[in-house]
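**Q** Supplied structure: work_19.csv, CSV, C-alpha atoms.
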```csv
chain,number,residue,atom,x,y,z
A,1,MET,CA,-46.8,34.3,9.7
A,2,ASN,CA,-47.6,31.0,11.5
A,3,ILE,CA,-44.8,29.3,9.7
A,4,MET,CA,-42.4,32.0,10.8
A,5,ASP,CA,-43.6,31.6,14.4
A,6,PHE,CA,-43.1,27.8,14.1
A,7,ASN,CA,-39.5,28.3,12.8
A,8,VAL,CA,-38.6,30.7,15.5
A,9,LYS,CA,-40.0,28.4,18.2
A,10,LYS,CA,-38.1,25.4,16.7
A,11,LEU,CA,-34.9,27.5,16.5
A,12,ALA,CA,-35.3,28.6,20.1
A,13,ALA,CA,-35.9,24.9,21.2
A,14,ASP,CA,-32.8,23.7,19.3
A,15,ALA,CA,-30.8,26.5,20.8
A,16,GLY,CA,-32.0,25.5,24.3
A,17,THR,CA,-31.1,21.9,23.6
A,18,PHE,CA,-27.6,22.8,22.4
A,19,LEU,CA,-27.0,25.0,25.4
A,20,SER,CA,-28.2,22.2,27.7
A,21,ARG,CA,-25.8,19.8,26.1
A,22,ALA,CA,-22.9,22.3,26.3
A,23,VAL,CA,-23.5,22.9,30.0
A,24,GLN,CA,-23.8,19.1,30.7
A,25,PHE,CA,-20.6,18.4,28.7
A,26,THR,CA,-18.7,21.2,30.5
A,27,GLU,CA,-19.8,20.1,34.0
A,28,GLU,CA,-18.8,16.5,33.2
A,29,LYS,CA,-15.3,17.7,32.2
A,30,LEU,CA,-15.1,19.7,35.4
A,31,GLY,CA,-16.3,16.7,37.4
A,32,GLN,CA,-19.4,18.5,38.6
A,33,ALA,CA,-22.0,16.2,36.9
A,34,GLU,CA,-22.5,12.5,36.6
A,35,LYS,CA,-22.0,10.8,33.2
A,36,THR,CA,-23.9,7.8,31.9
A,37,GLU,CA,-21.3,5.2,30.7
A,38,PHE,CA,-21.9,2.9,27.8
A,39,ASP,CA,-22.0,-0.8,28.5
A,40,ALA,CA,-18.8,-2.9,28.0
A,41,HIS,CA,-20.0,-4.5,24.9
A,42,LEU,CA,-20.8,-1.2,23.2
A,43,GLU,CA,-17.5,0.3,24.3
A,44,ASN,CA,-15.7,-2.8,22.8
A,45,LEU,CA,-17.5,-2.4,19.5
A,46,LEU,CA,-16.7,1.3,19.4
A,47,SER,CA,-13.0,0.6,20.1
A,48,LYS,CA,-13.0,-2.1,17.4
A,49,ALA,CA,-14.5,0.3,14.8
A,50,GLU,CA,-12.0,3.0,15.6
A,51,CYS,CA,-9.1,0.5,15.3
A,52,THR,CA,-10.5,-0.8,12.0
A,53,LYS,CA,-10.8,2.7,10.6
A,54,LEU,CA,-7.2,3.7,11.7
A,55,TRP,CA,-5.5,0.7,10.2
A,56,THR,CA,-7.6,0.6,7.1
A,57,GLU,CA,-6.5,4.2,6.3
A,58,LYS,CA,-2.9,3.3,6.9
A,59,ILE,CA,-3.0,0.2,4.7
A,60,MET,CA,-4.9,2.1,2.0
A,61,ARG,CA,-2.4,4.9,1.9
A,62,GLN,CA,0.7,2.7,1.9
A,63,THR,CA,-0.8,0.5,-0.8
A,64,GLU,CA,-1.3,3.6,-3.0
A,65,VAL,CA,2.4,4.5,-2.3
A,66,LEU,CA,3.4,0.9,-3.3
A,67,LEU,CA,1.4,1.0,-6.5
A,68,GLN,CA,2.3,4.6,-7.4
A,69,PRO,CA,5.6,5.8,-5.7
A,70,ASN,CA,5.4,9.2,-7.4
A,71,PRO,CA,3.5,11.6,-5.0
A,72,ASN,CA,2.8,14.1,-7.8
A,73,ALA,CA,1.2,11.4,-9.9
A,74,ARG,CA,-0.9,10.3,-6.9
A,75,ILE,CA,-2.0,13.9,-6.3
A,76,GLU,CA,-2.9,14.3,-10.0
A,77,GLU,CA,-5.0,11.1,-9.9
A,78,PHE,CA,-6.8,12.3,-6.8
A,79,VAL,CA,-7.7,15.6,-8.4
A,80,TYR,CA,-9.0,14.0,-11.6
A,81,GLU,CA,-11.0,11.5,-9.5
A,82,LYS,CA,-12.6,14.3,-7.5
A,83,LEU,CA,-13.4,16.2,-10.8
A,84,ASP,CA,-14.8,12.9,-12.1
A,85,ARG,CA,-12.5,13.1,-15.1
A,86,LYS,CA,-10.1,10.5,-16.6
A,87,ALA,CA,-6.5,11.2,-15.9
A,88,PRO,CA,-4.3,11.5,-19.0
A,89,SER,CA,-2.5,8.3,-19.9
A,90,ARG,CA,1.3,8.4,-19.4
A,91,MET,CA,4.1,5.9,-19.7
A,92,ASN,CA,5.0,4.3,-16.3
A,93,ASN,CA,8.7,3.9,-15.3
A,94,PRO,CA,9.3,0.5,-16.8
A,95,GLU,CA,7.6,1.5,-20.1
A,96,LEU,CA,9.7,4.7,-20.2
A,97,LEU,CA,12.9,2.8,-19.5
A,98,GLY,CA,11.9,0.3,-22.2
A,99,GLN,CA,11.3,3.0,-24.8
A,100,TYR,CA,14.7,4.5,-24.0
A,101,MET,CA,16.4,1.1,-24.4
A,102,VAL,CA,14.7,0.5,-27.7
A,103,ASP,CA,15.5,3.9,-29.1
A,104,SER,CA,19.2,3.6,-28.0
A,105,GLY,CA,19.4,0.1,-29.4
A,106,ASN,CA,18.2,1.3,-32.8
A,107,GLU,CA,20.6,4.2,-32.6
A,108,PHE,CA,23.6,1.9,-31.9
A,109,GLY,CA,22.4,-0.5,-34.5
A,110,PRO,CA,20.3,-3.7,-34.2
A,111,GLY,CA,23.1,-5.7,-35.8
A,112,THR,CA,25.4,-5.0,-32.9
A,113,ALA,CA,25.4,-7.2,-29.8
A,114,TYR,CA,24.8,-4.2,-27.5
A,115,GLY,CA,22.1,-2.7,-29.7
A,116,ASN,CA,20.3,-6.0,-30.1
A,117,ALA,CA,20.4,-6.6,-26.4
A,118,LEU,CA,19.1,-3.1,-25.6
A,119,ILE,CA,16.2,-3.6,-28.0
A,120,LYS,CA,15.3,-7.0,-26.5
A,121,SER,CA,15.6,-5.6,-22.9
A,122,GLY,CA,13.5,-2.6,-23.8
A,123,GLU,CA,10.7,-4.8,-25.2
A,124,THR,CA,10.8,-6.8,-22.0
A,125,GLN,CA,10.7,-3.6,-19.9
A,126,LYS,CA,7.6,-2.5,-21.8
A,127,ARG,CA,5.9,-5.9,-21.1
A,128,ILE,CA,6.7,-5.4,-17.4
A,129,GLY,CA,5.3,-1.9,-17.6
A,130,ALA,CA,2.1,-3.3,-19.1
A,131,ALA,CA,1.9,-6.0,-16.3
A,132,ASP,CA,2.5,-3.2,-13.7
A,133,ARG,CA,-0.4,-1.2,-15.2
A,134,GLU,CA,-2.6,-4.2,-15.0
A,135,LEU,CA,-1.6,-4.8,-11.3
A,136,ILE,CA,-2.5,-1.2,-10.4
A,137,GLN,CA,-5.9,-1.5,-12.1
A,138,THR,CA,-6.7,-4.8,-10.5
A,139,ALA,CA,-5.6,-3.7,-7.1
A,140,ALA,CA,-7.6,-0.4,-7.3
A,141,ILE,CA,-10.8,-2.3,-8.2
A,142,ASN,CA,-10.5,-5.3,-5.9
A,143,PHE,CA,-8.6,-3.9,-2.9
A,144,LEU,CA,-8.4,-0.1,-2.7
A,145,THR,CA,-12.0,0.7,-3.7
A,146,PRO,CA,-13.6,-1.6,-1.0
A,147,LEU,CA,-11.3,0.0,1.6
A,148,ARG,CA,-12.1,3.5,0.5
A,149,ASN,CA,-15.8,2.7,0.4
A,150,PHE,CA,-15.6,1.6,4.1
A,151,ILE,CA,-13.8,4.8,5.1
A,152,GLU,CA,-16.0,7.2,3.1
A,153,GLY,CA,-19.3,5.2,3.5
A,154,ASP,CA,-19.8,2.8,6.3
A,155,TYR,CA,-17.5,4.5,8.8
A,156,LYS,CA,-19.1,7.9,8.1
A,157,THR,CA,-22.5,6.4,8.9
A,158,ILE,CA,-21.1,4.9,12.1
A,159,THR,CA,-19.5,8.3,13.0
A,160,LYS,CA,-22.8,10.1,12.4
A,161,GLU,CA,-24.8,7.6,14.5
A,162,ARG,CA,-22.1,7.6,17.2
A,163,LYS,CA,-22.3,11.4,17.4
A,164,LEU,CA,-26.1,11.2,17.7
A,165,LEU,CA,-25.7,8.7,20.5
A,166,GLN,CA,-23.4,11.0,22.3
A,167,ASN,CA,-26.0,13.8,22.0
A,168,LYS,CA,-28.7,11.5,23.3
A,169,ARG,CA,-26.4,10.6,26.2
A,170,LEU,CA,-25.9,14.3,27.0
A,171,ASP,CA,-29.7,14.9,26.9
A,172,LEU,CA,-30.3,11.9,29.2
A,173,ASP,CA,-27.7,13.1,31.7
A,174,ALA,CA,-28.9,16.7,31.5
A,175,ALA,CA,-32.5,15.4,32.3
A,176,LYS,CA,-31.1,13.4,35.2
A,177,THR,CA,-29.4,16.5,36.5
A,178,ARG,CA,-32.5,18.5,36.3
A,179,LEU,CA,-34.5,15.8,38.1
A,180,LYS,CA,-31.9,15.6,40.8
A,181,LYS,CA,-32.0,19.4,41.3
A,182,ALA,CA,-35.8,19.3,41.4
A,183,LYS,CA,-35.9,16.6,44.0
A,184,ALA,CA,-33.4,18.5,46.1
A,185,ALA,CA,-35.5,21.7,45.9
A,186,GLU,CA,-38.7,19.7,46.7
A,187,ALA,CA,-37.0,18.3,49.8
A,188,ARG,CA,-35.9,21.7,51.0
A,189,ALA,CA,-39.4,23.1,50.5
A,190,ALA,CA,-40.9,20.2,52.5
A,191,GLN,CA,-38.6,20.9,55.4
A,192,LEU,CA,-39.9,24.5,55.8
A,193,ASN,CA,-43.0,25.4,57.8
A,194,LEU,CA,-46.1,24.3,56.0
A,195,SER,CA,-47.7,27.8,55.7
A,196,PRO,CA,-49.8,28.4,52.6
A,197,PRO,CA,-46.9,30.0,50.6
A,198,GLU,CA,-44.6,27.1,51.4
A,199,GLU,CA,-47.3,24.6,50.5
A,200,ASN,CA,-47.5,26.2,47.1
A,201,ASN,CA,-43.8,25.9,46.7
A,202,VAL,CA,-44.0,22.2,47.6
A,203,MET,CA,-46.7,21.7,45.0
A,204,ILE,CA,-44.7,23.6,42.4
A,205,TRP,CA,-41.6,21.5,43.0
A,206,ALA,CA,-43.6,18.3,43.0
A,207,GLU,CA,-44.9,19.2,39.6
A,208,GLU,CA,-41.3,20.0,38.5
A,209,VAL,CA,-40.2,16.6,39.8
A,210,SER,CA,-43.0,14.9,37.9
A,211,LYS,CA,-42.1,16.8,34.7
A,212,SER,CA,-38.4,16.0,35.1
A,213,GLU,CA,-39.1,12.3,35.6
A,214,GLN,CA,-41.1,12.3,32.4
A,215,GLU,CA,-38.2,14.0,30.6
A,216,VAL,CA,-35.8,11.4,32.0
A,217,ARG,CA,-38.1,8.5,30.8
A,218,ILE,CA,-38.3,10.0,27.3
A,219,ALA,CA,-34.5,10.7,27.2
A,220,GLN,CA,-33.7,7.2,28.4
A,221,SER,CA,-36.0,5.7,25.7
A,222,GLU,CA,-34.3,7.8,23.0
A,223,PHE,CA,-30.9,6.9,24.3
A,224,ASP,CA,-31.6,3.2,24.4
A,225,ARG,CA,-33.0,3.3,20.9
A,226,GLN,CA,-30.0,5.2,19.5
A,227,ALA,CA,-27.6,2.8,21.4
A,228,GLU,CA,-29.3,-0.2,19.7
A,229,ILE,CA,-29.0,1.4,16.3
A,230,THR,CA,-25.3,2.2,16.9
A,231,ARG,CA,-24.7,-1.3,18.2
A,232,LEU,CA,-26.2,-2.9,15.1
A,233,LEU,CA,-24.0,-0.8,12.9
A,234,LEU,CA,-20.9,-1.5,14.9
A,235,GLU,CA,-21.6,-5.3,14.9
A,236,GLY,CA,-21.3,-5.0,11.1
A,237,ILE,CA,-17.6,-4.4,11.5
A,238,SER,CA,-17.1,-8.2,11.7
A,239,SER,CA,-18.7,-8.5,8.2
A,240,THR,CA,-16.4,-5.7,7.0
A,241,HIS,CA,-13.4,-7.7,8.2
A,242,ALA,CA,-14.6,-10.7,6.3
A,243,HIS,CA,-15.1,-8.7,3.2
A,244,HIS,CA,-11.7,-7.0,3.4
A,245,LEU,CA,-10.2,-10.5,3.9
A,246,ARG,CA,-11.6,-11.5,0.5
A,247,CYS,CA,-10.3,-8.3,-1.0
A,248,LEU,CA,-6.9,-9.0,0.5
A,249,ASN,CA,-6.8,-12.4,-1.1
A,250,ASP,CA,-7.6,-10.9,-4.5
A,251,PHE,CA,-4.8,-8.4,-4.0
A,252,VAL,CA,-2.3,-11.1,-3.1
A,253,GLU,CA,-3.4,-13.1,-6.1
A,254,ALA,CA,-2.9,-10.1,-8.3
A,255,GLN,CA,0.6,-9.5,-6.9
A,256,MET,CA,1.4,-13.2,-7.4
A,257,THR,CA,0.3,-13.0,-11.0
A,258,TYR,CA,2.3,-9.8,-11.6
A,259,TYR,CA,5.6,-11.2,-10.1
A,260,ALA,CA,5.1,-14.5,-12.0
A,261,GLN,CA,4.7,-12.6,-15.2
A,262,CYS,CA,7.8,-10.5,-14.5
A,263,TYR,CA,9.8,-13.6,-13.7
A,264,GLN,CA,8.8,-15.3,-16.9
A,265,TYR,CA,9.5,-12.1,-18.9
A,266,MET,CA,13.0,-11.9,-17.5
A,267,LEU,CA,13.6,-15.6,-17.9
A,268,ASP,CA,12.7,-15.3,-21.6
A,269,LEU,CA,15.0,-12.3,-21.9
A,270,GLN,CA,17.9,-14.1,-20.3
A,271,LYS,CA,17.4,-16.9,-22.8
A,272,GLN,CA,17.3,-14.4,-25.7
A,273,LEU,CA,20.5,-12.7,-24.6
A,274,GLY,CA,22.2,-16.1,-24.4
A,275,SER,CA,21.2,-17.0,-28.0
A,276,PHE,CA,23.0,-14.3,-30.0
A,277,PRO,CA,24.3,-15.5,-33.5
A,278,SER,CA,28.0,-16.1,-33.6
A,279,THR,CA,28.5,-13.2,-36.0
A,280,VAL,CA,26.8,-10.8,-33.7
A,281,LEU,CA,28.9,-12.1,-30.8
A,282,ALA,CA,32.1,-11.6,-32.7
A,283,ASN,CA,31.1,-7.9,-33.3
A,284,HIS,CA,30.4,-7.7,-29.6
A,285,ASN,CA,33.8,-9.1,-28.7
A,286,GLN,CA,35.6,-6.8,-31.1
A,287,SER,CA,33.8,-3.8,-29.7
A,288,SER,CA,34.5,-4.9,-26.1
A,289,SER,CA,38.2,-5.4,-26.8
A,290,THR,CA,38.6,-1.8,-28.0
A,291,CYS,CA,36.8,-0.5,-24.9
A,292,VAL,CA,38.8,-2.5,-22.3
A,293,PRO,CA,41.9,-0.8,-20.9
A,294,SER,CA,45.3,-2.5,-21.2
A,295,SER,CA,46.5,-5.1,-18.8
A,296,SER,CA,49.0,-2.6,-17.3
A,297,SER,CA,46.3,-0.2,-16.0
A,298,THR,CA,43.2,-2.2,-15.2
A,299,THR,CA,42.2,-5.3,-13.2
A,300,PRO,CA,38.4,-6.1,-12.9
A,301,SER,CA,37.1,-5.8,-9.3
A,302,ALA,CA,35.5,-8.7,-7.5
A,303,SER,CA,32.0,-7.3,-8.1
A,304,VAL,CA,32.6,-7.2,-11.8
A,305,THR,CA,33.9,-10.8,-11.8
A,306,ALA,CA,30.9,-11.9,-9.9
A,307,SER,CA,28.6,-10.1,-12.3
A,308,LEU,CA,30.2,-11.6,-15.3
A,309,SER,CA,30.1,-15.1,-13.8
A,310,SER,CA,26.4,-14.7,-13.0
A,311,ILE,CA,25.5,-13.8,-16.6
A,312,SER,CA,27.9,-16.2,-18.3
A,313,ASN,CA,25.2,-18.4,-19.6
A,314,SER,CA,23.6,-15.5,-21.4
A,315,ALA,CA,26.8,-14.4,-23.1
A,316,ALA,CA,27.9,-17.9,-24.3
A,317,SER,CA,27.9,-18.2,-28.0
A,318,SER,CA,27.1,-21.2,-30.2
A,319,THR,CA,30.8,-21.5,-31.0
A,320,PHE,CA,31.6,-22.2,-27.3
A,321,VAL,CA,28.7,-24.7,-27.2
A,322,GLU,CA,30.2,-26.5,-30.2
A,323,LEU,CA,33.7,-26.6,-28.5
A,324,LYS,CA,32.3,-27.9,-25.2
A,325,SER,CA,30.5,-30.7,-27.1
A,326,SER,CA,33.6,-31.8,-29.0
A,327,SER,CA,36.9,-33.3,-27.8
A,328,GLY,CA,39.1,-30.9,-29.7
A,329,SER,CA,40.9,-27.7,-28.6
A,330,ARG,CA,41.0,-24.1,-29.9
A,331,LYS,CA,43.0,-21.0,-29.6
A,332,ALA,CA,41.4,-18.2,-27.7
A,333,ARG,CA,42.3,-14.5,-27.1
A,334,VAL,CA,41.9,-13.2,-23.5
A,335,LEU,CA,39.7,-10.1,-23.4
A,336,TYR,CA,40.3,-9.0,-19.8
A,337,ASP,CA,42.7,-9.7,-17.0
A,338,TYR,CA,41.6,-12.4,-14.6
A,339,ASP,CA,43.1,-13.3,-11.2
A,340,ALA,CA,42.7,-17.0,-10.3
A,341,ALA,CA,40.5,-17.5,-7.2
A,342,ASN,CA,42.2,-20.8,-6.3
A,343,SER,CA,44.9,-23.3,-7.5
A,344,SER,CA,42.4,-25.0,-9.9
A,345,GLU,CA,42.1,-21.8,-12.0
A,346,LEU,CA,44.5,-20.1,-14.4
A,347,SER,CA,45.3,-16.4,-14.1
A,348,LEU,CA,44.9,-14.5,-17.4
A,349,LEU,CA,46.3,-11.3,-19.0
A,350,ALA,CA,44.4,-9.3,-21.5
A,351,ASP,CA,45.3,-9.9,-25.2
A,352,GLU,CA,47.3,-13.0,-24.6
A,353,VAL,CA,46.5,-16.2,-26.6
A,354,ILE,CA,45.9,-19.5,-24.9
A,355,THR,CA,44.7,-23.0,-25.8
A,356,VAL,CA,41.3,-24.0,-24.4
A,357,TYR,CA,39.4,-27.2,-24.4
A,358,SER,CA,36.6,-28.9,-22.5
A,359,ILE,CA,36.6,-31.9,-20.3
A,360,PRO,CA,33.7,-34.1,-19.3
A,361,GLY,CA,31.7,-32.9,-16.3
A,362,MET,CA,33.0,-29.4,-16.4
A,363,ASP,CA,30.6,-26.5,-15.6
A,364,SER,CA,29.2,-24.9,-18.7
A,365,ASP,CA,30.6,-21.5,-17.7
A,366,TRP,CA,34.2,-22.7,-17.7
A,367,LEU,CA,36.9,-24.3,-20.0
A,368,MET,CA,40.3,-25.7,-19.4
A,369,GLY,CA,43.1,-23.3,-20.4
A,370,GLU,CA,46.8,-24.0,-21.2
A,371,ARG,CA,49.7,-21.6,-21.4
A,372,GLY,CA,52.9,-23.5,-21.8
A,373,ASN,CA,53.2,-25.8,-18.8
A,374,GLN,CA,50.5,-24.0,-16.9
A,375,LYS,CA,46.9,-25.0,-17.1
A,376,GLY,CA,43.7,-24.5,-15.1
A,377,LYS,CA,40.0,-23.5,-15.4
A,378,VAL,CA,39.2,-20.2,-17.2
A,379,PRO,CA,35.8,-18.4,-17.5
A,380,ILE,CA,34.5,-18.4,-21.0
A,381,THR,CA,33.2,-14.8,-20.6
A,382,TYR,CA,36.8,-13.6,-20.6
A,383,LEU,CA,37.6,-15.3,-23.9
A,384,GLU,CA,37.3,-14.8,-27.7
A,385,LEU,CA,37.7,-17.9,-29.8
A,386,LEU,CA,40.0,-17.6,-32.8
A,387,ASN,CA,39.6,-19.2,-36.1
```
Could you write out this structure as structure tokens?

**A**
Amino acid sequence: MNIMDFNVKKLAADAGTFLSRAVQFTEEKLGQAEKTEFDAHLENLLSKAECTKLWTEKIMRQTEVLLQPNPNARIEEFVYEKLDRKAPSRMNNPELLGQYMVDSGNEFGPGTAYGNALIKSGETQKRIGAADRELIQTAAINFLTPLRNFIEGDYKTITKERKLLQNKRLDLDAAKTRLKKAKAAEARAAQLNLSPPEENNVMIWAEEVSKSEQEVRIAQSEFDRQAEITRLLLEGISSTHAHHLRCLNDFVEAQMTYYAQCYQYMLDLQKQLGSFPSTVLANHNQSSSTCVPSSSSTTPSASVTASLSSISNSAASSTFVELKSSSGSRKARVLYDYDAANSSELSLLADEVITVYSIPGMDSDWLMGERGNQKGKVPITYLELLN
């Protein structure tokens, strides 16, 4: 029974405190009550904490989008994380592309130029996918997790203490308001005639003033104590920035490693595509010639020409290398139409046969071509050497 009485009294006291805070807050909004302002240093710390929280959330969300562009996959990972279960392992986009390339290359035949290139490209895409997976894991541990720990841990503590500080501030201002009202009532009672009833009123209001002053002192002490606790937590934001800086360096290093790996993988692939055996290249040339439309209907666009020029090193065969290292000439069949870009080049028509040879100092992507009295540079990617 006594415990129940205590709980009822505590509940009533809490309800009274809540009501007092609500009244004080409402009167402040209406401009009918004074408000204790935080000092400039504390206000600056509060603003810095709020700014840190805002931008940390934005950086964290966008980093998640960068590492996992698929929103459905992000939602799935979030659900599994909340359920404390491991998400099922799935191929990422580069790995899936790589698997398709390998399967199609095997279907077309590893002995063909296209099939061989698809298999090699697919294996490289799989390696890029593995590097991508490693980047995601490293970034999640070294970058995203510290940011999330701040939002879900440190900042929640700051928010809790900040809310408590706001309540202590409302309690202090409510106590000040009561003291102000008690002093005003005491002054009015003192101005009346000092007959016994009025003297009793003066004494009552004097006691009320004394009680209100005591409440103000207690509320001020609790407010100052809570302000100090909040200030100490907020000053830790600078340490948070320093910690996040280290995490950012780790993230940048992980990205640098990832992009360096991808560059090396693609460089190796480019070298592999440029080292096809001559028999495979011949098969490729024969297949290409059957797929290219006749000269009367098709002329490659400038973009195709630029693309072919950019990968010419990869498509060069050992036969071309031998020709460029020798001083002799060879007959070559033209695979595609080619429009000369300037007077130093020779225009070509598909399926015509010309004579080609190399001269010292010429770019590795070009040969000199002759057709009767006409001669000029021709791109080797448009040619098939004849025996």

**Q** Identify, on the basis of all atoms listed in the file, every residue whose closest approach to A:Tyr263 does not exceed 12 Å; exclude the query and any residue fewer than 3 positions from it along the same chain; express the result as a PyMOL selection string.

**A** chain A and resi 124-125+127-128+131+256-260+266-270

**Q** With distances taken over all atoms listed in the file, which of A:Trp366, A:Arg246, A:Arg85, A:Arg169 is nearest to A:Glu34?

**A**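 Result for the nearest residue to A:Glu34: A:Arg169.
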
**Q** Between atom CA of A:Pro110 and atom CA of A:Val321, measure the distance and give it in Å to one decimal.

**A**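 Interatomic distance, atom CA of A:Pro110 to atom CA of A:Val321: 23.7 Å.
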
**Q** Could you please determine the separation between atom CA of A:Asn249 and atom CA of A:Glu57 in Å, to one decimal place?

**A** 18.2 Å

**Q** Calculated over all atoms listed in the file, which of the candidates A:Arg231, A:Lys58, A:Lys183, A:Lys156 has the smallest distance to A:Leu45?

**A**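 The shortest atom-to-atom distance to A:Leu45 comes from A:Arg231.
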
**Q** Determine, counting all atoms listed in the file, which protein, DNA and RNA residues have an atom within 9 Å of an atom of A:Ala340; residues of the same chain fewer than 4 positions away are not included. Present the result as a PyMOL selection string.

**A** chain A and resi 344-348+376-378

**Q** Nearest to A:Gln166 among A:Lys35, A:Arg371, A:Lys29, A:Arg188, with distances taken over all atoms listed in the file: which residue is it?

**A**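 Ranked by minimum distance to A:Gln166, first place goes to A:Lys35.
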
**Q** One decimal, Å: what's the distance from atom CA of A:Glu228 over to atom CA of A:Glu152, could you say?

**A**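 Between atom CA of A:Glu228 and atom CA of A:Glu152 the gap is 22.5 Å.
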
**Q** Pick from A:Met60, A:Leu335, A:Ala49, A:Leu54: nearest to A:Thr145, with all atoms listed in the file counted?

**A**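 For A:Thr145, the nearest of the candidates is A:Met60.
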
**Q** For a quick check of understanding, using only C-alpha atoms, which of A:Thr112, A:Thr159, A:Ser358, A:Gln24 has the smallest distance to A:Leu46?

**A**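 Nearest candidate to A:Leu46 out of A:Thr112, A:Thr159, A:Ser358, A:Gln24: A:Thr159.
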